[in-house]
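Asker: Structure provided below as structure tokens; questions to follow.
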Amino acid sequence: MTESASSSWRVPATGAAGVMLFGFGGLLPAYLASDFTLKVANEGLLLGMLALSVAFLMSEAGLVALGVASVYGSAGYLFAIGMSEWGLTPTIAVVFAFFALIAYSGVLGALIVRTNPLAFMMLTLAAGEMVSHAVMLEAVHDYTGGADGLVVNFKGAILGVQAADFVNPRYFWPIGWTAVWLIGVTLWGVARSRLGATLRAVRQNEERMRFSGFNTYLPRVIAYVLVNAVAAVAGLLHVLNTGFVSPESLGLGVSTNALVAALMGGTAGSIGPLAGGLIFAFAQDEFGARGATQLLTGVAIVLFIVVFPRGVVGGVVAVLRRIAPGLVWLRGKA
């Protein structure tokens with residue numbers, strides 16, 4: 001009886017809290033924070049979005065993708081090339097870049113998801129490195145700008161948002177915040193769907209699932225395409241916000257930053273990777289100001305993983321469970 005009564009108020013209370021957090025989180029920072037703080041926060045949001053894709057594949061399928069940056073950066077390149085070389089409108093260029101990368105991810109995923117987790121990780125790394133080096137070839141220099149990258153300017157609007165608004169930190173924050181929430185809720189729903197249950201079962205025992213008559217191949221291909229779709233959205237938002245794309249956005253460093261952000265925040269859920277992205281972005285800014293970015297980043301990563309083995313969000317949830325064990329809505333959150 002108590003459990004039933006608790007469940008009756010848990011869903012609407014959680015929904016109301018989510019709506020309030022979404023509203024306040026999207027509006028208050030734009031009014032209270034400085035432009036510089038918002039700029040760093042926007043970088044954290046985009047990194048958190050990329051971390052969401054990495055964390056989803058890790059937690060649901062048990063696979064680590066070290067090549068998400070190739071999709072993240074390619075989104076910007078395809079968007080820029082579509083407008084400058086093929087005369088596409090900004091909106092059409094966004095659509096073209098997104099679906100081109102979906103097609104690329106589908107083909108690549110179909111080839112590599114049958115491999116074991118270690119081989120999968122190395123193959124995604126190899127594919128990413130090939131793309132990052134391909135844009136610097138002399139044969140495509142006129143299209144990609146080589147090592148110098150491309151300055152991306154466009155006229156007009158995308159879904160009613162002008163180019164200047166994407167660059168302005170105060171206008172971009174609500175855009176990025178809304179995108180992160182939509183993606184987080186989508187991945188949360190997928191994780192609780194039949195697809196998510198199948199992915200977790202395959203992760204635990206693929207052979208048993210195959211002998212039980214389940215298709216273990218297609219769900220992983222779908223999951224791989226899904227996380228790359230998230231990376232493509234993050235990459236498009238990044239190029240719209242910065243107005244610039246370079247080979248660095250395709251590099252291994254971006255992929256490892258996303259992986260570290262996911263581990264710092266926690267991979268089991270949508271909140272952890274986002275929190276990890278924000279923490280990582282502000283920590284990098286602070287470490288850079290002290291002139292020891294790499295050293296302090298390494299120390300911080302070790303401390304975070306040792307102190308919070310389930311990530312910051314998982315650690316907070318574990319503490320709350322001990323303090324208030326009666327809060328049944330905390331079950332399974334860590």
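Residues in the structure tokens are named by chain (A, B, ... in the order shown) and by number from 1 within that chain; ligands are numbered from 1 in the order shown.
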Dump as a Markdown table the rows for residues of segment 161-259 of chain A within 12 Å of segment 280-302 of chain A: closest atom pair and distance in Å with one decimal, only C-alpha atoms counted, ordered by chain and rising residue number.

Answerer:
| residue | atom | partner | partner_atom | distance |
| --- | --- | --- | --- | --- |
| A:Gly253 | CA | A:Gln294 | CA | 11.9 |
| A:Val254 | CA | A:Ala281 | CA | 11.9 |
| A:Thr256 | CA | A:Phe280 | CA | 11.7 |
| A:Asn257 | CA | A:Phe280 | CA | 8.1 |
| A:Ala258 | CA | A:Phe280 | CA | 9.2 |
| A:Leu259 | CA | A:Phe280 | CA | 10.8 |

Asker: Enumerate as an MDAnalysis selection string all residues of segment 41-277 of chain A assigned to alpha helix (DSSP H) by DSSP on the backbone, naming them with the chain letters and numbers the document uses.

Answerer: chainID A and resid 41:56 68:84 90:112 117:134 141:144 163:167 169:191 194:204 206:211 218:242 252:265 271:277

Asker: Counting only C-alpha atoms, which residues of segment 117-234 of chain A sit at most 9 Å from some atom of segment 75-88 of chain A, and what is each one's closest atom pair with its distance in Å to one decimal, listed by chain and rising residue number, as a tab-separated table?

Answerer:
residue	atom	partner	partner_atom	distance
A:Val135	CA	A:Tyr77	CA	8.9
A:Tyr143	CA	A:Ile81	CA	6.5
A:Thr144	CA	A:Tyr77	CA	6.9
A:Gly149	CA	A:Tyr77	CA	8.9
A:Leu150	CA	A:Ala80	CA	7.6
A:Val151	CA	A:Ala80	CA	8.3
A:Val152	CA	A:Ala80	CA	5.9
A:Asn153	CA	A:Ala80	CA	8.1
A:Phe154	CA	A:Met83	CA	7.9
A:Ala231	CA	A:Ala75	CA	8.5
A:Ala232	CA	A:Ala75	CA	5.6
A:Val233	CA	A:Ala75	CA	7.8
A:Ala234	CA	A:Ala75	CA	8.6

Asker: Could you pull out all residues of segment 45-227 of chain A with a DSSP call of strand (DSSP E) and give them as JSON, numbers by chain?

Answerer: {"A": [150, 151, 157, 158, 161, 162]}

Asker: Let me make sure I understand: among A:Leu57, A:Leu27, A:Leu250, A:Val312, which one has the smallest atom-to-atom distance to Ala134 of chain A if we use only C-alpha atoms?

Answerer: A:Leu250
